[in-house]
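Everything below concerns the one structure shown next.
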Amino acid sequence: MSKVWLIAAGAAALTIASCGKSDDNAESIDNAIELADEAKTDAERKADHAKLAAENLAAAEEFLAENAARDDVNVTDSGLQFMVLEEGPEDGHSPVSTDLVVVHYVGTLKDGTEFDSSRARGAAAQFPLNQVIPGWTEGVQLMSEGDRYRFFIPPALAYGENGTPGGPIGPNEALIFDVELIKVHNPERNLEIAKQFLEENAKKDGVQTTDSGLQYQVITEGNKDGKSPEAADTVEVHYQGTLLNGTEFDSSYARGETIEFPLNRVIPGWTEGVQLMNEGDKYRFFIPPALAYGEMGTPGGPIGPNEALVFEVELISVK
């Protein structure tokens with residue numbers, strides 16, 4: 001999971017600010033503290049770390065013991081604690097550890113300090129569930145799409161005795177995450193959904209299918225004298241891209257400007273499909289996974305592995 005750490009100011013700096021000291025004095029004291037820390041031996045640093053780890057572990061255990069006594073908190077065999085904040089639809093998919101998940105989340109320390117948030121960044125996070133901390137790998141598998149849970153994660157299921165070097169999570173810190181499971185991507189399931197959709201879609205009036213499996217529909221026709229591109233040409237287009245459920249993932253219309261690119265440097269479904277068009281035409285393309293982003297999807301989202309895509313494309317000009 002990508003991290004955007006919100007690092008609070010050092011305790012010394014906060015103390016100086018509250019006392020009304022000058023910035024110069026604050027900088028001098030910070031420098032002195034830094035120099036003193038640098039002067040410590042490795043053994044002294046290890047001793048300080050061990051002391052902090054022990055203090056944090058005791059505080060985490062006390063917090064989790066009290067938290068577990070709440071009526072709305074559930075505890076798993078591993079010690080992970082969770083609360084159900086909101087339940088999604090009954091037919092939502094639950095992930096297995098190897099699935100790719102799309103989530104919104106807010107992470108805090110037990111004192112409420114926020115250290116990471118996809119919501120603050122304004123973009124959901126997408127990642128393989130088996131490549132994050134154990135508390136996440138276990139916890140999110142308890143959820144279904146649309147659910148919102150709050151997890152209370154013991155240090156052993158989070159970042160353990162090391163914490164996150166450089167901060168903001170110290171050694172043996174318990175963590176709290178509010179997680180919304182938006183989407184579960186399973187390559188095999190996505191491929192089956194894509195196949196079923198394309199089989200049904202091919203039967204609809206006005207939908208044509210090429211030898212490669214690309215499907216298209218003519219929305220409007222432009223000037224018959226308009227140029228039709230070849231693969232090596234640069235084209236100017238307006239377009240909107242959506243997933244099968246209607247979720248828009250890209251749109252030149254939303255950005256308010258057309259885009260130009262060499263036609264042989266995009267996904268195969270585009271390279272093939274736009275060559276069927278003349279300037280002024282507007283087509284709708286239904287693109288199988290093999291002609292889109294295949295088994296990998298788009299790293300970081302929003303297109304999952306083996307997703308079929310729908311594009312409305314307006315060919316403005318051929319360069």
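The chains in the structure tokens are called A, B, ... from first to last as shown; in each chain the residues are counted from 1, and the ligands are counted from 1 in the order shown.
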For A:Leu309, find every residue with an atom within 10 Å (counting only C-alpha atoms), except residues of its own chain fewer than 4 positions away, and show them as a ChimeraX atom specification. /A:194,241-246,249,269,285-289,291-293,303
So that I can see what lies close to A:Gly301, please list as a ChimeraX atom specification the residues with an atom at most 8 Å from it, counting only C-alpha atoms and leaving out residues fewer than 2 positions away in the same chain. /A:102,125-126,297-299,303-304
Based on the selection just made, write N, CA and C atoms of those residues as a PDB file, in the first residue's frame.
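Resulting contents of again_29.pdb:
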```pdb
ATOM      1  N   VAL A 102      -9.749  -2.849  -3.993  1.00  0.00           N
ATOM      2  CA  VAL A 102      -9.818  -1.393  -4.074  1.00  0.00           C
ATOM      3  C   VAL A 102     -10.506  -0.907  -2.808  1.00  0.00           C
ATOM      4  N   ALA A 125      -7.281   3.385  -2.929  1.00  0.00           N
ATOM      5  CA  ALA A 125      -6.046   2.621  -3.085  1.00  0.00           C
ATOM      6  C   ALA A 125      -6.364   1.235  -3.632  1.00  0.00           C
ATOM      7  N   GLN A 126      -5.467   0.733  -4.469  1.00  0.00           N
ATOM      8  CA  GLN A 126      -5.622  -0.611  -5.029  1.00  0.00           C
ATOM      9  C   GLN A 126      -4.323  -1.374  -4.813  1.00  0.00           C
ATOM     10  N   GLY A 297      -4.133  -5.644 -15.558  1.00  0.00           N
ATOM     11  CA  GLY A 297      -4.899  -4.430 -15.289  1.00  0.00           C
ATOM     12  C   GLY A 297      -3.957  -3.232 -15.318  1.00  0.00           C
ATOM     13  N   THR A 298      -4.342  -2.176 -14.627  1.00  0.00           N
ATOM     14  CA  THR A 298      -3.470  -1.005 -14.530  1.00  0.00           C
ATOM     15  C   THR A 298      -2.948  -0.930 -13.099  1.00  0.00           C
ATOM     16  N   PRO A 299      -1.625  -1.068 -12.900  1.00  0.00           N
ATOM     17  CA  PRO A 299      -1.070  -1.048 -11.543  1.00  0.00           C
ATOM     18  C   PRO A 299      -1.515   0.192 -10.775  1.00  0.00           C
ATOM     19  N   ILE A 303      -8.281  -0.021 -13.302  1.00  0.00           N
ATOM     20  CA  ILE A 303      -8.713  -1.162 -14.110  1.00  0.00           C
ATOM     21  C   ILE A 303      -8.101  -2.434 -13.553  1.00  0.00           C
ATOM     22  N   GLY A 304      -8.951  -3.363 -13.165  1.00  0.00           N
ATOM     23  CA  GLY A 304      -8.488  -4.603 -12.569  1.00  0.00           C
ATOM     24  C   GLY A 304      -8.035  -5.612 -13.601  1.00  0.00           C
TER      25      GLY A 304
END
```
Check stretch 140-279 of chain A with DSSP on the backbone and list each residue it calls helix (DSSP H, G or I), as a ChimeraX atom specification. /A:140,155-157,187-201,252-255,263-265,268-274
I need the residues from that last selection saved to file as an mmCIF file, in the first residue's frame (with N, CA and C atoms), if you can.
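Here's the written file selection-v4.cif:
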```cif
data_model
loop_
_atom_site.group_PDB
_atom_site.id
_atom_site.type_symbol
_atom_site.label_atom_id
_atom_site.label_comp_id
_atom_site.auth_asym_id
_atom_site.auth_seq_id
_atom_site.Cartn_x
_atom_site.Cartn_y
_atom_site.Cartn_z
ATOM 1 N N VAL A 140 -9.444 -7.711 5.882
ATOM 2 C CA VAL A 140 -10.235 -7.373 4.695
ATOM 3 C C VAL A 140 -10.904 -8.614 4.110
ATOM 4 N N PRO A 155 0.247 -4.768 17.522
ATOM 5 C CA PRO A 155 1.566 -4.521 16.921
ATOM 6 C C PRO A 155 2.086 -5.701 16.107
ATOM 7 N N ALA A 156 1.868 -6.937 16.590
ATOM 8 C CA ALA A 156 2.392 -8.113 15.887
ATOM 9 C C ALA A 156 1.752 -8.295 14.517
ATOM 10 N N LEU A 157 0.578 -7.720 14.309
ATOM 11 C CA LEU A 157 -0.105 -7.808 13.009
ATOM 12 C C LEU A 157 0.038 -6.512 12.221
ATOM 13 N N PRO A 187 -8.836 -12.268 -11.037
ATOM 14 C CA PRO A 187 -8.621 -12.410 -12.486
ATOM 15 C C PRO A 187 -9.546 -13.422 -13.155
ATOM 16 N N GLU A 188 -9.732 -14.583 -12.520
ATOM 17 C CA GLU A 188 -10.583 -15.624 -13.114
ATOM 18 C C GLU A 188 -12.035 -15.177 -13.164
ATOM 19 N N ARG A 189 -12.507 -14.580 -12.078
ATOM 20 C CA ARG A 189 -13.895 -14.123 -12.047
ATOM 21 C C ARG A 189 -14.118 -12.979 -13.036
ATOM 22 N N ASN A 190 -13.176 -12.039 -13.084
ATOM 23 C CA ASN A 190 -13.300 -10.928 -14.032
ATOM 24 C C ASN A 190 -13.351 -11.423 -15.471
ATOM 25 N N LEU A 191 -12.519 -12.434 -15.771
ATOM 26 C CA LEU A 191 -12.501 -12.970 -17.130
ATOM 27 C C LEU A 191 -13.831 -13.618 -17.473
ATOM 28 N N GLU A 192 -14.406 -14.351 -16.526
ATOM 29 C CA GLU A 192 -15.702 -14.989 -16.763
ATOM 30 C C GLU A 192 -16.796 -13.945 -16.949
ATOM 31 N N ILE A 193 -16.774 -12.890 -16.138
ATOM 32 C CA ILE A 193 -17.758 -11.809 -16.275
ATOM 33 C C ILE A 193 -17.620 -11.139 -17.638
ATOM 34 N N ALA A 194 -16.377 -10.901 -18.055
ATOM 35 C CA ALA A 194 -16.133 -10.268 -19.355
ATOM 36 C C ALA A 194 -16.673 -11.147 -20.492
ATOM 37 N N LYS A 195 -16.399 -12.450 -20.421
ATOM 38 C CA LYS A 195 -16.865 -13.361 -21.472
ATOM 39 C C LYS A 195 -18.386 -13.372 -21.557
ATOM 40 N N GLN A 196 -19.039 -13.452 -20.400
ATOM 41 C CA GLN A 196 -20.502 -13.481 -20.389
ATOM 42 C C GLN A 196 -21.085 -12.194 -20.960
ATOM 43 N N PHE A 197 -20.500 -11.067 -20.543
ATOM 44 C CA PHE A 197 -20.984 -9.780 -21.043
ATOM 45 C C PHE A 197 -20.840 -9.698 -22.558
ATOM 46 N N LEU A 198 -19.660 -10.045 -23.061
ATOM 47 C CA LEU A 198 -19.400 -9.904 -24.496
ATOM 48 C C LEU A 198 -20.257 -10.859 -25.319
ATOM 49 N N GLU A 199 -20.513 -12.057 -24.792
ATOM 50 C CA GLU A 199 -21.387 -12.998 -25.496
ATOM 51 C C GLU A 199 -22.795 -12.435 -25.646
ATOM 52 N N GLU A 200 -23.333 -11.858 -24.573
ATOM 53 C CA GLU A 200 -24.673 -11.271 -24.627
ATOM 54 C C GLU A 200 -24.684 -9.994 -25.470
ATOM 55 N N ASN A 201 -23.654 -9.192 -25.320
ATOM 56 C CA ASN A 201 -23.591 -7.921 -26.041
ATOM 57 C C ASN A 201 -23.529 -8.131 -27.553
ATOM 58 N N SER A 252 -11.700 12.399 -21.729
ATOM 59 C CA SER A 252 -11.197 13.675 -22.248
ATOM 60 C C SER A 252 -12.294 14.737 -22.173
ATOM 61 N N TYR A 253 -13.561 14.303 -22.239
ATOM 62 C CA TYR A 253 -14.678 15.247 -22.111
ATOM 63 C C TYR A 253 -14.646 15.910 -20.738
ATOM 64 N N ALA A 254 -14.400 15.096 -19.695
ATOM 65 C CA ALA A 254 -14.353 15.642 -18.334
ATOM 66 C C ALA A 254 -13.208 16.623 -18.176
ATOM 67 N N ARG A 255 -12.097 16.392 -18.898
ATOM 68 C CA ARG A 255 -10.958 17.312 -18.832
ATOM 69 C C ARG A 255 -11.147 18.540 -19.696
ATOM 70 N N LEU A 263 -1.479 6.127 -33.013
ATOM 71 C CA LEU A 263 -2.482 5.081 -32.847
ATOM 72 C C LEU A 263 -1.863 3.722 -32.525
ATOM 73 N N ASN A 264 -0.595 3.543 -32.856
ATOM 74 C CA ASN A 264 0.045 2.251 -32.574
ATOM 75 C C ASN A 264 0.703 2.207 -31.201
ATOM 76 N N ARG A 265 0.414 3.200 -30.348
ATOM 77 C CA ARG A 265 1.005 3.228 -29.016
ATOM 78 C C ARG A 265 -0.046 3.182 -27.913
ATOM 79 N N PRO A 268 -4.370 -2.542 -27.857
ATOM 80 C CA PRO A 268 -4.721 -3.104 -29.170
ATOM 81 C C PRO A 268 -6.157 -2.826 -29.613
ATOM 82 N N GLY A 269 -7.092 -2.816 -28.665
ATOM 83 C CA GLY A 269 -8.478 -2.549 -29.030
ATOM 84 C C GLY A 269 -8.670 -1.173 -29.644
ATOM 85 N N TRP A 270 -7.900 -0.204 -29.156
ATOM 86 C CA TRP A 270 -7.937 1.143 -29.735
ATOM 87 C C TRP A 270 -7.263 1.163 -31.100
ATOM 88 N N THR A 271 -6.095 0.557 -31.199
ATOM 89 C CA THR A 271 -5.355 0.560 -32.464
ATOM 90 C C THR A 271 -6.208 -0.028 -33.580
ATOM 91 N N GLU A 272 -6.863 -1.142 -33.286
ATOM 92 C CA GLU A 272 -7.730 -1.764 -34.281
ATOM 93 C C GLU A 272 -8.998 -0.950 -34.520
ATOM 94 N N GLY A 273 -9.660 -0.575 -33.438
ATOM 95 C CA GLY A 273 -10.982 0.027 -33.571
ATOM 96 C C GLY A 273 -10.994 1.373 -34.262
ATOM 97 N N VAL A 274 -10.061 2.258 -33.902
ATOM 98 C CA VAL A 274 -10.087 3.610 -34.474
ATOM 99 C C VAL A 274 -9.786 3.586 -35.969
#
```
The residue from A:Ile176, A:Ala43, A:Val235, A:Ala290 with the smallest atom-to-atom distance to A:Glu307, counting only C-alpha atoms, is A:Ala290
